[in-house]
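Here is the structure we will look at, set down as structure tokens.
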Amino acid sequence: MKLELKNLRHSYDVEVLHRLNFVLDNHKSIAIIGVSGSGKSTLIRLMSGLEKPTSGNIYINDIPVSNQDYRDHVGFVFQTHNLFPHLTLKRNITLILEKTRGKTKEEAERIACKYLELLHLSDQVNKLPKNVSGGQAQRAAIARALSIDPKIIYLDEPTASLDPILTHEVLTAVEELKGLGKEFIFVTHVLSFVRDFADYVVFMHEGNIHEHGTIEILDNPKTIELKEFMEKVR
């Protein structure tokens with residue numbers, strides 16, 4: 001994956017990201033870490049195309065994020081599963097495939113069952129989200145993101161609302177996706193997952209990319225801010 005940020009700024013009531021300039025190439029799984037309010041989730045939403053930056057540009061694999069073809073090949077998993085509560089796990093996927101990807105009912109069912117099975121949910125396909133565990137619902141959300149065959153999957157703290165047991169369940173399922181040939185950019189507070197899954201780490205601090213490198217930076221931070229962060233989350 002190639003990632004390029006050019007003079008990237010974003011504001012809500014206040015400026016959240018401060019003129020970021022950054023280039024990264026040849027990594028398949030990028031972790032974004034930092035304390036709450038450091039700009040992690042904002043950055044990942046901008047990179048995925050869910051929001052437009054206040055100013056500046058983002059290129060992923062040399063394609064502008066504003067390009068519709070890029071957005072058509074992106075999957076996003078939110079902090080909460082965001083499944084339609086009145087639809088079964090399977091229908092949550094088939095509906096998207098039929099309405100946004102033009103799949104027939106039969107094609108959509110085949111794809112939905114394929115990814116629900118991949119996420120170990122074959123016995124839950126006809127249940128409503130309220131009738132499965134939080135971890136199962138989040139795995140169904142990951143299956144839904146995969147079902148559109150994205151080139152890049154974004155995960156924004158996908159275990160933020162889960163207890164430690166369900167967190168382990170979901171992250172283990174994500175790690176099993178490594179062999180799919182997808183690229184990943186994810187935000188998480190679970191450092192063991194970063195060590196297991198990421199091949200590059202971006203540390204955010206007060207709206208800036210403060211330090212970055214391969215996962216070895218977690219053990220040998222160069223800045224006092226990353227060192228203090230690591231001491232708090234270990």
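Identifiers in this document derive from the order of the structure tokens: chains are assigned A, B, ..., residues are numbered from 1 separately in each chain, and ligands are numbered from 1 in order of occurrence.
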Could you give me the residues within segment 36-148 of chain A that DSSP places in alpha helix (DSSP H), as a ChimeraX atom specification?
/A:40-48,68-71,89-100,105-118,134-147
Counting only C-alpha atoms, what is within 6 Å of segment 27-32 of chain A, bar same-chain residues fewer than 4 positions away, as an MDAnalysis selection string?
chainID A and resid 1 183:187 198:203
Go ahead and write the residues just picked, N, CA, C and O atoms, as a compact mmCIF listing (two decimals), in the first residue's frame.
```
# COMPACT_ATOMS: atom_id res chain seq x y z
N MET A 1 0.84 -1.19 0.00
CA MET A 1 0.00 0.00 0.00
C MET A 1 0.88 1.25 0.00
O MET A 1 1.89 1.30 0.70
N GLU A 183 -5.53 -5.19 2.16
CA GLU A 183 -4.72 -4.24 2.91
C GLU A 183 -5.57 -3.68 4.04
O GLU A 183 -6.78 -3.52 3.89
N PHE A 184 -4.93 -3.39 5.16
CA PHE A 184 -5.65 -2.96 6.36
C PHE A 184 -5.06 -1.67 6.91
O PHE A 184 -3.84 -1.51 6.98
N ILE A 185 -5.95 -0.78 7.32
CA ILE A 185 -5.57 0.38 8.14
C ILE A 185 -6.51 0.38 9.32
O ILE A 185 -7.74 0.35 9.15
N PHE A 186 -5.96 0.37 10.53
CA PHE A 186 -6.84 0.22 11.68
C PHE A 186 -6.39 1.05 12.87
O PHE A 186 -5.21 1.34 13.05
N VAL A 187 -7.38 1.46 13.65
CA VAL A 187 -7.18 2.14 14.92
C VAL A 187 -7.54 1.17 16.03
O VAL A 187 -8.58 0.51 15.98
N ALA A 198 0.02 -5.73 12.73
CA ALA A 198 0.53 -4.58 11.96
C ALA A 198 1.95 -4.84 11.45
O ALA A 198 2.73 -5.56 12.07
N ASP A 199 2.27 -4.25 10.31
CA ASP A 199 3.67 -4.21 9.90
C ASP A 199 4.21 -2.78 9.90
O ASP A 199 5.37 -2.55 9.61
N TYR A 200 3.34 -1.82 10.26
CA TYR A 200 3.78 -0.43 10.41
C TYR A 200 2.87 0.26 11.41
O TYR A 200 1.68 -0.04 11.48
N VAL A 201 3.45 1.18 12.18
CA VAL A 201 2.71 1.86 13.24
C VAL A 201 2.84 3.37 13.08
O VAL A 201 3.94 3.89 12.87
N VAL A 202 1.69 4.05 13.18
CA VAL A 202 1.65 5.51 13.17
C VAL A 202 1.14 5.96 14.53
O VAL A 202 0.04 5.59 14.94
N PHE A 203 1.93 6.76 15.23
CA PHE A 203 1.55 7.26 16.56
C PHE A 203 1.08 8.71 16.42
O PHE A 203 1.83 9.58 16.01
```
Excluding same-chain residues fewer than 3 positions from Pro85 of chain A, what lies within 7 Å of it counting only C-alpha atoms, as a PDB file with C-alpha atoms, in the first residue's frame?
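What follows is the written file out-v1.pdb:
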```pdb
ATOM      1  CA  LEU A 128     -31.166 -10.894  14.513  1.00  0.00           C
ATOM      2  CA  PRO A 129     -28.275  -8.812  15.911  1.00  0.00           C
ATOM      3  CA  LYS A 130     -29.989  -8.572  19.310  1.00  0.00           C
TER       4      LYS A 130
END
```
All strand (DSSP E or B) positions in chain A, as a PyMOL selection string
chain A and resi 2-11+15-25+29-33+55-60+63-64+74-77+152-156+183-187+200-205+208-213
For segment 63-68 of chain A, work out the shell of residues within 12 Å, counting only C-alpha atoms and skipping chain neighbours fewer than 4 positions away, then give it as a short mmCIF file (atom, residue, chain, number, x, y, z; two decimals) with N, CA and C atoms, in the first residue's frame.
```cif
data_model
loop_
_atom_site.label_atom_id
_atom_site.label_comp_id
_atom_site.auth_asym_id
_atom_site.auth_seq_id
_atom_site.Cartn_x
_atom_site.Cartn_y
_atom_site.Cartn_z
N MET A 1 0.84 -1.19 0.00
CA MET A 1 0.00 0.00 0.00
C MET A 1 0.88 1.25 0.00
N LYS A 2 0.47 2.21 -0.77
CA LYS A 2 1.12 3.51 -0.73
C LYS A 2 0.14 4.53 -0.17
N LEU A 3 0.58 5.29 0.80
CA LEU A 3 -0.25 6.31 1.46
C LEU A 3 0.47 7.64 1.38
N GLU A 4 -0.25 8.67 0.95
CA GLU A 4 0.34 10.00 0.89
C GLU A 4 -0.67 11.04 1.40
N LEU A 5 -0.24 11.81 2.37
CA LEU A 5 -1.03 12.93 2.89
C LEU A 5 -0.33 14.22 2.51
N LYS A 6 -1.07 15.17 1.93
CA LYS A 6 -0.49 16.44 1.50
C LYS A 6 -1.23 17.59 2.16
N ILE A 44 -8.62 8.24 10.05
CA ILE A 44 -9.04 7.03 9.36
C ILE A 44 -10.34 7.27 8.58
N ARG A 45 -11.20 8.13 9.09
CA ARG A 45 -12.44 8.45 8.36
C ARG A 45 -12.13 9.26 7.11
N LEU A 46 -11.15 10.13 7.19
CA LEU A 46 -10.75 10.90 6.01
C LEU A 46 -10.09 10.00 4.97
N MET A 47 -9.24 9.09 5.42
CA MET A 47 -8.54 8.21 4.48
C MET A 47 -9.50 7.25 3.78
N SER A 48 -10.57 6.88 4.47
CA SER A 48 -11.53 5.95 3.87
C SER A 48 -12.53 6.66 2.97
N GLY A 49 -12.58 7.98 3.04
CA GLY A 49 -13.53 8.74 2.24
C GLY A 49 -14.87 8.97 2.90
N LEU A 50 -15.01 8.58 4.16
CA LEU A 50 -16.27 8.81 4.87
C LEU A 50 -16.51 10.30 5.13
N GLU A 51 -15.42 11.05 5.29
CA GLU A 51 -15.51 12.49 5.47
C GLU A 51 -14.54 13.18 4.52
N LYS A 52 -14.83 14.44 4.21
CA LYS A 52 -13.93 15.22 3.36
C LYS A 52 -13.09 16.13 4.25
N PRO A 53 -11.81 16.25 3.96
CA PRO A 53 -10.95 17.11 4.78
C PRO A 53 -11.28 18.59 4.62
N GLY A 56 -6.41 20.12 1.96
CA GLY A 56 -5.37 19.14 1.72
C GLY A 56 -5.89 17.94 0.94
N ASN A 57 -5.00 17.01 0.67
CA ASN A 57 -5.33 15.86 -0.17
C ASN A 57 -4.78 14.56 0.41
N ILE A 58 -5.47 13.47 0.07
CA ILE A 58 -5.06 12.14 0.47
C ILE A 58 -5.03 11.26 -0.77
N TYR A 59 -3.94 10.51 -0.92
CA TYR A 59 -3.82 9.55 -2.02
C TYR A 59 -3.51 8.17 -1.43
N ASP A 72 -15.45 2.84 -3.83
CA ASP A 72 -16.19 1.61 -4.12
C ASP A 72 -15.43 0.36 -3.71
N HIS A 73 -14.14 0.51 -3.44
CA HIS A 73 -13.31 -0.65 -3.10
C HIS A 73 -12.75 -0.55 -1.68
N VAL A 74 -13.53 0.11 -0.82
CA VAL A 74 -13.14 0.28 0.57
C VAL A 74 -14.20 -0.35 1.47
N ILE A 152 -9.09 -2.42 0.38
CA ILE A 152 -8.60 -1.95 1.68
C ILE A 152 -9.73 -2.05 2.70
#
```
Smallest atom-to-atom distance to Thr94 of chain A: which of A:Ser36, A:Ser147, A:Thr172, A:Asn208, using only C-alpha atoms?
A:Ser147
Excluding Arg144 of chain A and any residue of its chain fewer than 3 positions from it, enumerate the residues within 10 Å of it, using only C-alpha atoms, and give them as a ChimeraX atom specification.
/A:75-77,81,83,89-94,96-97,111-112,115-116,138-141,147-149
Given the selection you just returned, output its residues as a file containing N, CA, C and O atoms, formatted as a short mmCIF file (atom, residue, chain, number, x, y, z; two decimals), in the first residue's frame.
```cif
data_model
loop_
_atom_site.label_atom_id
_atom_site.label_comp_id
_atom_site.auth_asym_id
_atom_site.auth_seq_id
_atom_site.Cartn_x
_atom_site.Cartn_y
_atom_site.Cartn_z
N GLY A 75 -13.76 -1.13 2.45
CA GLY A 75 -14.65 -1.64 3.49
C GLY A 75 -14.35 -0.96 4.81
O GLY A 75 -13.18 -0.68 5.10
N PHE A 76 -15.38 -0.67 5.60
CA PHE A 76 -15.18 0.05 6.86
C PHE A 76 -15.91 -0.67 7.99
O PHE A 76 -17.09 -1.02 7.84
N VAL A 77 -15.20 -0.88 9.09
CA VAL A 77 -15.81 -1.48 10.29
C VAL A 77 -15.74 -0.45 11.40
O VAL A 77 -14.65 0.03 11.75
N HIS A 81 -21.21 -2.26 15.78
CA HIS A 81 -21.42 -3.05 14.56
C HIS A 81 -22.29 -2.37 13.50
O HIS A 81 -22.18 -2.65 12.32
N LEU A 83 -25.20 -2.81 12.51
CA LEU A 83 -26.08 -3.69 11.73
C LEU A 83 -27.52 -3.19 11.81
O LEU A 83 -27.92 -2.59 12.82
N LEU A 89 -28.48 -11.53 10.34
CA LEU A 89 -27.08 -11.28 9.97
C LEU A 89 -26.89 -11.45 8.47
O LEU A 89 -26.22 -10.65 7.82
N LYS A 90 -27.49 -12.49 7.92
CA LYS A 90 -27.35 -12.73 6.48
C LYS A 90 -28.00 -11.62 5.67
O LYS A 90 -27.40 -11.13 4.69
N ARG A 91 -29.19 -11.21 6.05
CA ARG A 91 -29.89 -10.18 5.29
C ARG A 91 -29.18 -8.84 5.40
O ARG A 91 -29.25 -8.02 4.46
N ASN A 92 -28.48 -8.59 6.50
CA ASN A 92 -27.67 -7.38 6.62
C ASN A 92 -26.63 -7.29 5.51
O ASN A 92 -26.25 -6.20 5.09
N ILE A 93 -26.19 -8.45 5.04
CA ILE A 93 -25.18 -8.48 3.98
C ILE A 93 -25.84 -8.53 2.61
O ILE A 93 -25.47 -7.77 1.71
N THR A 94 -26.83 -9.39 2.43
CA THR A 94 -27.44 -9.54 1.10
C THR A 94 -28.11 -8.25 0.65
O THR A 94 -28.09 -7.92 -0.55
N ILE A 96 -27.21 -5.14 1.21
CA ILE A 96 -26.17 -4.25 0.70
C ILE A 96 -25.72 -4.70 -0.69
O ILE A 96 -25.57 -3.89 -1.61
N LEU A 97 -25.50 -5.99 -0.84
CA LEU A 97 -25.02 -6.52 -2.12
C LEU A 97 -26.04 -6.33 -3.23
O LEU A 97 -25.69 -6.01 -4.37
N ILE A 111 -22.52 -15.14 -1.42
CA ILE A 111 -21.42 -14.31 -0.89
C ILE A 111 -21.58 -14.12 0.61
O ILE A 111 -20.61 -14.24 1.38
N ALA A 112 -22.80 -13.82 1.06
CA ALA A 112 -23.05 -13.61 2.49
C ALA A 112 -22.69 -14.84 3.29
O ALA A 112 -22.00 -14.76 4.33
N TYR A 115 -18.81 -15.40 3.62
CA TYR A 115 -18.07 -14.58 4.58
C TYR A 115 -18.54 -14.79 6.02
O TYR A 115 -17.75 -14.70 6.96
N LEU A 116 -19.80 -15.10 6.21
CA LEU A 116 -20.26 -15.44 7.55
C LEU A 116 -19.61 -16.74 8.02
O LEU A 116 -19.24 -16.88 9.19
N GLN A 138 -20.19 -8.01 15.85
CA GLN A 138 -19.08 -7.28 15.25
C GLN A 138 -18.39 -8.12 14.17
O GLN A 138 -17.96 -7.59 13.14
N ARG A 139 -18.33 -9.43 14.36
CA ARG A 139 -17.78 -10.29 13.32
C ARG A 139 -18.69 -10.27 12.08
O ARG A 139 -18.20 -10.33 10.95
N ALA A 140 -20.01 -10.19 12.29
CA ALA A 140 -20.93 -10.07 11.15
C ALA A 140 -20.69 -8.76 10.41
O ALA A 140 -20.79 -8.70 9.18
N ALA A 141 -20.37 -7.70 11.15
CA ALA A 141 -20.06 -6.42 10.51
C ALA A 141 -18.79 -6.52 9.68
O ALA A 141 -18.68 -5.92 8.60
N SER A 147 -17.72 -8.51 2.22
CA SER A 147 -18.59 -9.03 1.17
C SER A 147 -18.54 -8.23 -0.12
O SER A 147 -18.84 -8.75 -1.19
N ILE A 148 -18.15 -6.96 -0.03
CA ILE A 148 -18.08 -6.13 -1.24
C ILE A 148 -16.74 -6.29 -1.94
O ILE A 148 -16.45 -5.58 -2.91
N ASP A 149 -15.91 -7.19 -1.44
CA ASP A 149 -14.58 -7.48 -2.00
C ASP A 149 -13.72 -6.22 -2.07
O ASP A 149 -13.20 -5.84 -3.13
#
```
Looking at A:Glu157, A:Lys151, A:Glu211, A:Val194, which one is nearest to Ile224 of chain A, with distances taken over only C-alpha atoms?
A:Glu211
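Residue nearest Glu206 of chain A, chosen from A:Lys182, A:His168, A:Arg19, A:His120 and counting only C-alpha atoms: A:Arg19.
Atom pair atom CA of Thr188 of chain A / atom CA of Ile142 of chain A: separated by 15.1 Å.
Going from atom CA of Ser122 of chain A over to atom CA of Gln136 of chain A, you cover 10.9 Å.
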When you look at Gly135 of chain A with a cut-off of 9 Å (counting only C-alpha atoms), what residues show up, excluding the ones that are within fewer than 6 positions of it in the same chain? I need them as a PDB file with N, CA and C atoms, in the first residue's frame.
```
ATOM      1  N   THR A 159     -13.215  -3.056  18.624  1.00  0.00           N
ATOM      2  CA  THR A 159     -13.545  -3.737  19.882  1.00  0.00           C
ATOM      3  C   THR A 159     -13.798  -2.746  21.019  1.00  0.00           C
ATOM      4  N   LEU A 162     -16.544  -3.702  23.484  1.00  0.00           N
ATOM      5  CA  LEU A 162     -16.593  -5.104  23.890  1.00  0.00           C
ATOM      6  C   LEU A 162     -15.754  -5.362  25.137  1.00  0.00           C
ATOM      7  N   ASP A 163     -16.159  -6.398  25.893  1.00  0.00           N
ATOM      8  CA  ASP A 163     -15.367  -6.789  27.057  1.00  0.00           C
ATOM      9  C   ASP A 163     -14.131  -7.562  26.578  1.00  0.00           C
ATOM     10  N   ILE A 165     -13.064 -10.627  26.762  1.00  0.00           N
ATOM     11  CA  ILE A 165     -13.254 -11.931  26.121  1.00  0.00           C
ATOM     12  C   ILE A 165     -13.741 -11.753  24.690  1.00  0.00           C
ATOM     13  N   LEU A 166     -14.738 -10.868  24.493  1.00  0.00           N
ATOM     14  CA  LEU A 166     -15.254 -10.623  23.145  1.00  0.00           C
ATOM     15  C   LEU A 166     -14.229  -9.888  22.288  1.00  0.00           C
ATOM     16  N   THR A 167     -13.415  -9.039  22.917  1.00  0.00           N
ATOM     17  CA  THR A 167     -12.336  -8.371  22.196  1.00  0.00           C
ATOM     18  C   THR A 167     -11.382  -9.405  21.600  1.00  0.00           C
ATOM     19  N   HIS A 168     -10.998 -10.369  22.411  1.00  0.00           N
ATOM     20  CA  HIS A 168     -10.107 -11.430  21.935  1.00  0.00           C
ATOM     21  C   HIS A 168     -10.754 -12.204  20.791  1.00  0.00           C
ATOM     22  N   GLU A 169     -12.037 -12.470  20.906  1.00  0.00           N
ATOM     23  CA  GLU A 169     -12.777 -13.218  19.882  1.00  0.00           C
ATOM     24  C   GLU A 169     -12.754 -12.485  18.544  1.00  0.00           C
ATOM     25  N   VAL A 170     -13.019 -11.192  18.575  1.00  0.00           N
ATOM     26  CA  VAL A 170     -13.073 -10.413  17.342  1.00  0.00           C
ATOM     27  C   VAL A 170     -11.688 -10.245  16.727  1.00  0.00           C
TER      28      VAL A 170
END
```
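Put simply, atom CA of Ala173 of chain A is 22.9 Å away from atom CA of Thr214 of chain A.
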May I have the residues within 12 Å of Asp219 of chain A as an NGL selection string, using only C-alpha atoms and disregarding those fewer than 2 positions away in the same chain?
:A and (191 or 195 or 201 or 213-217 or 221-223 or 226-231 or 234)
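When only C-alpha atoms are used to compute distances to Glu176 of chain A, the closest of the residues A:Ser133, A:Arg101, A:Ala145, A:Leu119 turns out to be A:Leu119.
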